[in-house]
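Have a look at coords.cif; it's mmCIF, C-alpha atoms:
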data_upload
loop_
_atom_site.label_atom_id
_atom_site.label_comp_id
_atom_site.auth_asym_id
_atom_site.auth_seq_id
_atom_site.Cartn_x
_atom_site.Cartn_y
_atom_site.Cartn_z
CA MET A 15 -20.81 30.91 4.96
CA LEU A 16 -19.35 32.02 8.31
CA SER A 17 -18.20 35.22 6.59
CA GLY A 18 -21.70 35.97 5.30
CA ILE A 19 -21.62 34.45 1.80
CA GLY A 20 -24.12 31.63 1.42
CA PRO A 21 -27.83 30.82 1.48
CA LYS A 22 -29.53 33.85 3.08
CA GLN A 23 -32.15 31.97 5.11
CA HIS A 24 -29.58 29.49 6.42
CA LEU A 25 -27.12 32.20 7.50
CA GLU A 26 -29.83 34.22 9.23
CA THR A 27 -30.68 31.16 11.31
CA PHE A 28 -27.32 31.67 13.04
CA ASN A 29 -27.55 35.48 13.12
CA ILE A 30 -24.79 35.80 10.52
CA SER A 31 -24.91 39.09 8.62
CA VAL A 32 -25.53 38.25 4.94
CA ILE A 33 -23.08 39.90 2.55
CA HIS A 34 -24.32 38.02 -0.51
CA SER A 35 -26.80 35.16 -0.86
CA LEU A 36 -25.41 32.30 -2.96
CA ASP A 37 -25.96 28.53 -3.01
CA VAL A 38 -22.74 27.75 -1.14
CA GLY A 39 -22.77 24.20 0.25
CA TYR A 40 -25.19 22.71 -2.27
CA ASN A 41 -24.38 20.34 -5.17
CA LEU A 42 -22.07 18.11 -3.07
CA HIS A 43 -21.04 15.10 -5.14
CA ASP A 44 -18.62 12.23 -4.67
CA HIS A 45 -17.62 8.90 -6.23
CA CYS A 46 -19.08 5.80 -4.57
CA CYS A 47 -17.89 2.23 -4.95
CA TYR A 48 -18.36 -1.35 -3.77
CA THR A 49 -15.24 -3.07 -2.46
CA GLU A 50 -16.54 -6.52 -1.51
CA LEU A 51 -16.36 -8.34 -4.85
CA HIS A 52 -13.75 -10.94 -3.91
CA PHE A 53 -12.69 -13.78 -6.19
CA CYS A 54 -11.25 -17.08 -4.96
CA LEU A 55 -8.11 -18.38 -6.69
CA ASN A 56 -6.47 -21.78 -7.00
CA GLN A 57 -2.99 -20.27 -6.71
CA THR A 58 -1.06 -18.14 -4.24
CA VAL A 59 -0.40 -15.04 -6.31
CA THR A 60 -1.73 -12.00 -4.45
CA MET A 61 0.02 -9.65 -2.05
CA VAL A 62 -1.01 -9.65 1.58
CA ARG A 63 0.87 -8.79 4.72
CA ASN A 64 2.00 -12.30 5.64
CA LYS A 65 3.82 -12.54 2.30
CA SER A 66 5.61 -9.20 2.61
CA THR A 67 8.87 -10.91 3.49
CA ALA A 68 12.45 -9.69 3.44
CA ASP A 69 13.12 -11.86 0.36
CA LEU A 70 10.34 -10.15 -1.59
CA PHE A 71 11.61 -6.73 -0.58
CA ASP A 72 15.13 -7.73 -1.61
CA GLU A 73 13.74 -8.82 -4.99
CA TYR A 74 12.25 -5.37 -5.45
CA ILE A 75 15.42 -3.52 -4.39
CA THR A 76 17.59 -5.72 -6.62
CA ASN A 77 15.42 -6.24 -9.72
CA HIS A 78 12.44 -3.88 -9.31
CA THR A 79 10.14 -6.87 -9.69
CA GLY A 80 7.78 -8.81 -7.46
CA PRO A 81 4.80 -7.73 -5.32
CA PHE A 82 6.51 -4.57 -4.01
CA SER A 83 6.74 -3.25 -7.58
CA ILE A 84 2.95 -2.90 -7.73
CA PRO A 85 1.93 0.74 -7.01
CA VAL A 86 -0.37 0.79 -3.95
CA ARG A 87 -1.31 -2.79 -4.84
CA LEU A 88 -3.43 -1.63 -7.79
CA GLU A 89 -2.58 -3.84 -10.74
CA SER A 90 -4.86 -2.22 -13.32
CA ILE A 91 -7.88 -0.01 -13.91
CA ALA A 92 -10.55 0.13 -16.60
CA PHE A 93 -13.02 2.82 -17.63
CA LEU A 94 -16.23 1.34 -19.01
CA LYS A 95 -19.74 2.24 -20.09
CA THR A 96 -22.63 0.25 -18.62
CA PRO A 97 -25.56 -0.83 -20.84
CA HIS A 98 -28.07 1.55 -19.19
CA SER A 99 -25.87 4.66 -19.35
CA ASP A 100 -27.48 7.84 -20.68
CA LEU A 101 -24.11 9.56 -21.25
CA PRO A 102 -22.60 10.33 -24.66
CA VAL A 103 -20.84 7.43 -26.37
CA GLU A 104 -17.31 8.48 -25.40
CA TYR A 105 -18.12 8.98 -21.68
CA PRO A 106 -17.54 6.06 -19.25
CA ASP A 107 -19.81 5.80 -16.23
CA ILE A 108 -17.91 3.09 -14.33
CA GLU A 109 -14.29 2.60 -13.33
CA ILE A 110 -13.11 -0.85 -12.24
CA VAL A 111 -9.98 -1.14 -10.12
CA LEU A 112 -8.09 -4.42 -9.62
CA PRO A 113 -6.19 -4.53 -6.31
CA SER A 114 -3.90 -7.54 -5.94
CA CYS A 115 -5.15 -8.03 -2.39
CA TYR A 116 -8.44 -8.41 -0.59
CA LEU A 117 -10.14 -7.25 2.57
CA ASN A 118 -9.64 -10.67 4.15
CA GLY A 119 -5.88 -10.17 4.26
CA GLU A 120 -6.20 -6.98 6.31
CA ASN A 121 -8.60 -7.98 9.09
CA HIS A 122 -6.92 -6.10 11.92
CA ASP A 123 -9.27 -4.26 14.25
CA VAL A 124 -7.95 -0.72 13.72
CA GLY A 125 -8.36 -0.98 9.94
CA PHE A 126 -11.94 -2.14 10.31
CA GLN A 127 -12.73 0.64 12.75
CA LEU A 128 -11.38 3.22 10.31
CA LEU A 129 -13.56 1.76 7.55
CA GLY A 130 -16.59 1.71 9.84
CA ILE A 131 -17.08 -2.02 9.23
CA PRO A 132 -19.37 -3.66 11.82
CA GLN A 133 -17.91 -6.30 14.14
CA VAL A 134 -20.40 -8.86 12.83
CA ILE A 135 -18.63 -8.70 9.47
CA ASN A 136 -15.15 -8.58 11.01
CA ASP A 137 -15.90 -11.85 12.83
CA SER A 138 -17.38 -13.61 9.80
CA VAL A 139 -15.85 -15.91 7.19
CA ILE A 140 -15.88 -12.91 4.84
CA VAL A 141 -12.73 -11.63 6.51
CA ASN A 142 -11.36 -14.89 7.85
CA TYR A 143 -11.04 -16.83 4.61
CA PRO A 144 -9.32 -20.14 5.37
CA ARG A 145 -8.38 -21.26 1.88
CA ASN A 146 -6.23 -19.89 -0.97
CA ASP A 147 -5.75 -16.33 -2.11
CA LYS A 148 -8.39 -13.96 -3.34
CA PHE A 149 -8.30 -10.72 -5.28
CA SER A 150 -10.85 -7.93 -5.62
CA LEU A 151 -12.50 -5.93 -8.37
CA VAL A 152 -13.84 -2.56 -7.25
CA PRO A 153 -16.48 -0.83 -9.42
CA ILE A 154 -16.72 2.95 -8.94
CA ILE A 155 -19.58 5.21 -10.10
CA LEU A 156 -18.00 8.00 -12.14
CA ARG A 157 -21.02 10.17 -12.97
CA PRO A 158 -23.37 9.94 -9.96
CA LYS A 159 -26.64 11.82 -10.05
CA SER A 160 -27.06 11.91 -6.24
CA ARG A 161 -26.34 15.26 -4.59
CA GLY A 162 -25.80 16.30 -1.01
CA LYS A 163 -24.97 19.50 0.83
CA ILE A 164 -22.81 21.04 3.53
CA SER A 165 -24.33 23.44 6.04
CA LEU A 166 -23.49 25.12 9.33
CA LYS A 167 -24.31 23.76 12.75
CA SER A 168 -23.20 26.94 14.48
CA SER A 169 -21.69 30.36 13.89
CA ASN A 170 -18.69 29.16 15.89
CA PRO A 171 -15.85 28.45 13.42
CA PHE A 172 -14.52 25.71 15.69
CA VAL A 173 -17.71 23.65 15.34
CA ASP A 174 -17.61 21.14 12.49
CA PRO A 175 -20.12 21.75 9.69
CA LEU A 176 -22.95 19.36 8.91
CA MET A 177 -22.29 17.14 5.88
CA GLU A 178 -25.25 15.39 4.28
CA PRO A 179 -23.75 13.44 1.37
CA ASN A 180 -27.00 11.67 0.33
CA TYR A 181 -24.97 8.89 -1.27
CA LEU A 182 -27.00 6.64 -3.59
CA SER A 183 -30.15 8.68 -2.99
CA ASN A 184 -30.80 8.60 -6.74
CA GLN A 185 -31.84 5.10 -7.84
CA TYR A 186 -29.97 5.61 -11.11
CA ASP A 187 -26.68 5.44 -9.18
CA ILE A 188 -27.61 2.11 -7.59
CA SER A 189 -28.50 0.66 -11.00
CA THR A 190 -25.22 1.94 -12.42
CA LEU A 191 -23.20 0.35 -9.61
CA ILE A 192 -25.04 -2.98 -9.93
CA ASN A 193 -24.34 -2.99 -13.67
CA GLY A 194 -20.69 -2.26 -12.93
CA MET A 195 -20.57 -5.13 -10.44
CA LYS A 196 -22.02 -7.52 -13.03
CA ILE A 197 -19.39 -6.44 -15.58
CA ALA A 198 -16.66 -6.97 -12.99
CA ILE A 199 -17.93 -10.48 -12.18
CA GLN A 200 -18.18 -11.34 -15.88
CA LEU A 201 -14.61 -10.16 -16.37
CA ALA A 202 -13.20 -12.11 -13.41
CA GLU A 203 -14.96 -15.31 -14.43
CA SER A 204 -13.94 -15.01 -18.08
CA GLN A 205 -11.44 -17.22 -19.88
CA ASN A 206 -8.73 -14.66 -19.24
CA PHE A 207 -8.74 -15.53 -15.53
CA ALA A 208 -9.35 -19.27 -16.00
CA GLU A 209 -5.69 -20.06 -15.38
CA TYR A 210 -6.16 -18.91 -11.78
CA GLY A 211 -9.55 -20.56 -11.29
CA ALA A 212 -11.15 -17.23 -10.38
CA THR A 213 -14.68 -17.55 -9.04
CA LEU A 214 -16.79 -15.09 -7.07
CA ASP A 215 -16.61 -15.81 -3.34
CA PRO A 216 -20.07 -17.29 -2.59
CA THR A 217 -20.07 -16.12 1.04
CA PRO A 218 -23.00 -13.70 1.47
CA LEU A 219 -22.93 -10.64 3.68
CA PRO A 220 -24.60 -11.48 7.00
CA ALA A 221 -27.13 -8.66 6.61
CA CYS A 222 -28.16 -9.86 3.13
CA ASP A 223 -28.02 -13.66 3.41
CA HIS A 224 -31.84 -13.86 3.33
CA LEU A 225 -31.77 -12.82 -0.34
CA PRO A 226 -30.77 -14.98 -3.36
CA PHE A 227 -27.03 -14.55 -3.85
CA ARG A 228 -26.11 -12.67 -7.06
CA SER A 229 -29.67 -11.40 -7.53
CA ASP A 230 -30.29 -7.68 -8.03
CA GLN A 231 -32.09 -7.66 -4.68
CA TYR A 232 -29.00 -9.08 -3.00
CA TRP A 233 -26.68 -6.54 -4.65
CA ARG A 234 -28.95 -3.66 -3.63
CA CYS A 235 -28.78 -4.86 -0.06
CA ALA A 236 -25.01 -5.37 -0.24
CA ILE A 237 -24.47 -1.87 -1.60
CA ARG A 238 -26.53 -0.38 1.23
CA VAL A 239 -24.53 -2.35 3.81
CA MET A 240 -20.99 -2.11 2.41
CA GLY A 241 -21.01 0.59 -0.25
CA ARG A 242 -18.57 3.41 0.44
CA ASN A 243 -17.18 6.60 -0.99
CA ILE A 244 -13.59 7.28 -2.10
CA HIS A 245 -13.37 10.83 -0.74
CA HIS A 246 -13.65 12.76 -3.98
CA GLN A 247 -15.99 15.34 -2.44
CA ALA A 248 -16.55 18.33 -4.74
CA GLY A 249 -19.09 20.76 -6.15
CA THR A 250 -20.22 22.92 -3.23
CA CYS A 251 -19.10 26.22 -4.83
CA LYS A 252 -20.38 25.38 -8.28
CA MET A 253 -18.90 27.16 -11.31
CA GLY A 254 -21.39 28.64 -13.75
CA PRO A 255 -22.57 31.86 -15.45
CA ALA A 256 -24.40 34.61 -13.57
CA SER A 257 -27.62 33.44 -15.24
CA ASP A 258 -27.36 30.16 -13.27
CA SER A 259 -28.99 30.81 -9.91
CA THR A 260 -27.17 27.83 -8.36
CA ALA A 261 -23.66 28.97 -9.40
CA VAL A 262 -21.25 30.39 -6.83
CA VAL A 263 -18.25 31.28 -9.03
CA ASN A 264 -17.91 32.37 -12.66
CA PRO A 265 -15.61 30.74 -15.27
CA GLU A 266 -12.76 32.91 -13.91
CA LEU A 267 -13.44 31.34 -10.48
CA GLN A 268 -14.49 34.73 -9.11
CA VAL A 269 -17.29 34.62 -6.56
CA HIS A 270 -20.47 36.11 -8.06
CA GLY A 271 -21.24 39.53 -6.60
CA ILE A 272 -18.01 39.78 -4.58
CA ARG A 273 -14.92 41.74 -5.65
CA ASN A 274 -11.39 40.32 -5.41
CA MET A 275 -12.39 36.86 -4.23
CA ARG A 276 -11.89 33.54 -5.99
CA VAL A 277 -12.38 29.91 -5.04
CA VAL A 278 -9.72 27.49 -6.28
CA ASP A 279 -10.41 23.91 -5.18
CA THR A 280 -12.57 20.94 -6.14
CA SER A 281 -15.70 22.68 -4.85
CA ILE A 282 -15.95 24.62 -8.13
CA MET A 283 -16.54 21.45 -10.19
CA PRO A 284 -20.17 21.68 -11.37
CA LEU A 285 -20.37 17.97 -12.23
CA PRO A 286 -18.51 14.82 -11.13
CA ILE A 287 -15.56 14.06 -13.39
CA ALA A 288 -15.14 10.63 -15.01
CA GLY A 289 -11.90 9.98 -13.15
CA HIS A 290 -10.00 10.95 -10.02
CA ASN A 291 -9.92 14.51 -8.72
CA ASN A 292 -6.24 14.92 -7.96
CA GLY A 293 -4.82 15.60 -11.44
CA VAL A 294 -7.79 17.78 -12.36
CA MET A 295 -7.24 19.86 -9.23
CA PHE A 296 -3.64 20.52 -10.28
CA MET A 297 -4.96 21.75 -13.64
CA ILE A 298 -7.54 24.01 -11.97
CA ALA A 299 -4.84 25.53 -9.73
CA GLU A 300 -2.46 26.11 -12.66
CA LYS A 301 -5.24 27.68 -14.69
CA ALA A 302 -6.31 29.88 -11.77
CA ALA A 303 -2.72 31.07 -11.28
CA ASP A 304 -2.60 32.11 -14.94
CA MET A 305 -5.94 33.92 -14.65
CA VAL A 306 -4.81 35.84 -11.55
CA LYS A 307 -1.55 36.88 -13.23
CA ARG A 308 -3.43 37.96 -16.36
CA HIS A 309 -5.95 39.92 -14.29
CA TRP A 310 -3.24 42.03 -12.66
CA ALA A 311 -1.09 42.29 -15.80
CA LEU A 312 -4.01 43.96 -17.57
CA ARG A 313 -4.02 46.52 -14.75
CA GLY A 314 -0.35 47.38 -15.14
CA PHE A 315 1.11 45.07 -12.52
CA LYS A 316 3.91 42.64 -13.40
#
Before anything else, please render the file you have as structure tokens.
Amino acid sequence: MLSGIGPKQHLETFNISVIHSLDVGYNLHDHCCYTELHFCLNQTVTMVRNKSTADLFDEYITNHTGPFSIPVRLESIAFLKTPHSDLPVEYPDIEIVLPSCYLNGENHDVGFQLLGIPQVINDSVIVNYPRNDKFSLVPIILRPKSRGKISLKSSNPFVDPLMEPNYLSNQYDISTLINGMKIAIQLAESQNFAEYGATLDPTPLPACDHLPFRSDQYWRCAIRVMGRNIHHQAGTCKMGPASDSTAVVNPELQVHGIRNMRVVDTSIMPLPIAGHNNGVMFMIAEKAADMVKRHWALRGFK
């Protein structure tokens, strides 16, 4: 946009000469989740900092077993389809992640500041759980319908842009996340977890304790208070054919109307992917490298 490629009216606001008007910055999408589904246990089995002892580390070094053998504390993941999904049969709309830890075990001030968690929650029983271990289940919306945008605040390249993510602005996303939360609770309280006495922590969020716990109204409030994204921002240079007025790049990742310019990053994703962006981005980069080499090979360059 600073170079003159973007929405014409927006660029002219900052006296930027328009080279080509395209919908750069629109179609911002991301994966949102809810991390506060904590389940109380009757055993000490999870991994938190006060159990990260030298003996446990020695067990990992010697036998490659124990809590340190768990990659980033994530024991397992599941890709599921909620009952209200309008996606094709084979497409999941929710991912559930099982971390073998919980927020309560990490209640140091710096961590809470980074997460933007209010002090009222930091000081509550939610993060100062006095009894046995807990674990978490984290539902993640895979195919959100909400869209945001990125725009300029200035023509100065050293001024940060304005990001308007519009998370959960589409009510469909909230319903999807609530359905995912209910599936997660049903899973944790199933017979499979009975050995550990897993039950949903009944402590309500302070901002939502006026609503019946476990009700849809409570979950809507909880999502608004403690819902968060997982930094899978993408989509703001949407890929699509020239006939699509909202597309920025073509299927060869070439910018529409501009010679010798491609975009190769997650911004070209027209829709949210039902998974994590990292591996897909590697594939996009590999594919783009092949397309660039083919482009110049056809013109006699090797």
Exercise for review: Find the spatial neighbours of stretch 197-213 of chain A, counting all atoms listed in the file, within a cut-off of 9 Å - ignore same-chain residues fewer than 3 positions away - and output them as an MDAnalysis selection string.
Suggested key: chainID A and resid 51:57 59 96 110 148:149 151:153 192:194 216
Exercise for review: Find, counting all atoms listed in the file, the residue in A:His43, A:Ser229, A:Leu36, A:Pro106 that gets nearest to A:Ala261.
Suggested key: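 Checking each candidate against A:Ala261, we get A:Leu36 as the closest.
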Practice item. Skip A:Ser281 itself and residues of its chain fewer than 3 positions away, then list as a PyMOL selection string all residues within 10 Å of it, counting all atoms listed in the file. Key: chain A and resi 38-43+247-253+262-263+277-278+284-285+295
**Study point:** Å distance separating atom CA of A:Leu94 from atom CA of A:Ile108, one decimal place
**Key:**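 Computed distance, atom CA of A:Leu94 to atom CA of A:Ile108, equals 5.3 Å.
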List the residues selected by the PyMOL selection byres ((chain A and resi 74-91) around 7) in the file shown, writing them as a PDB file with C-alpha atoms, keeping the file's coordinate frame.
ATOM      1  CA  MET A  61       0.020  -9.650  -2.050  1.00  0.00           C
ATOM      2  CA  LEU A  70      10.340 -10.150  -1.590  1.00  0.00           C
ATOM      3  CA  PHE A  71      11.610  -6.730  -0.580  1.00  0.00           C
ATOM      4  CA  ASP A  72      15.130  -7.730  -1.610  1.00  0.00           C
ATOM      5  CA  GLU A  73      13.740  -8.820  -4.990  1.00  0.00           C
ATOM      6  CA  ALA A  92     -10.550   0.130 -16.600  1.00  0.00           C
ATOM      7  CA  PHE A  93     -13.020   2.820 -17.630  1.00  0.00           C
ATOM      8  CA  GLU A 109     -14.290   2.600 -13.330  1.00  0.00           C
ATOM      9  CA  ILE A 110     -13.110  -0.850 -12.240  1.00  0.00           C
ATOM     10  CA  VAL A 111      -9.980  -1.140 -10.120  1.00  0.00           C
ATOM     11  CA  LEU A 112      -8.090  -4.420  -9.620  1.00  0.00           C
ATOM     12  CA  PRO A 113      -6.190  -4.530  -6.310  1.00  0.00           C
ATOM     13  CA  SER A 114      -3.900  -7.540  -5.940  1.00  0.00           C
ATOM     14  CA  CYS A 115      -5.150  -8.030  -2.390  1.00  0.00           C
TER      15      CYS A 115
END
Review point. So how far away is atom CA of A:Thr190 from atom CA of A:Gln231, in Å?
Key: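 Computed distance, atom CA of A:Gln231 to atom CA of A:Thr190, equals 14.1 Å.
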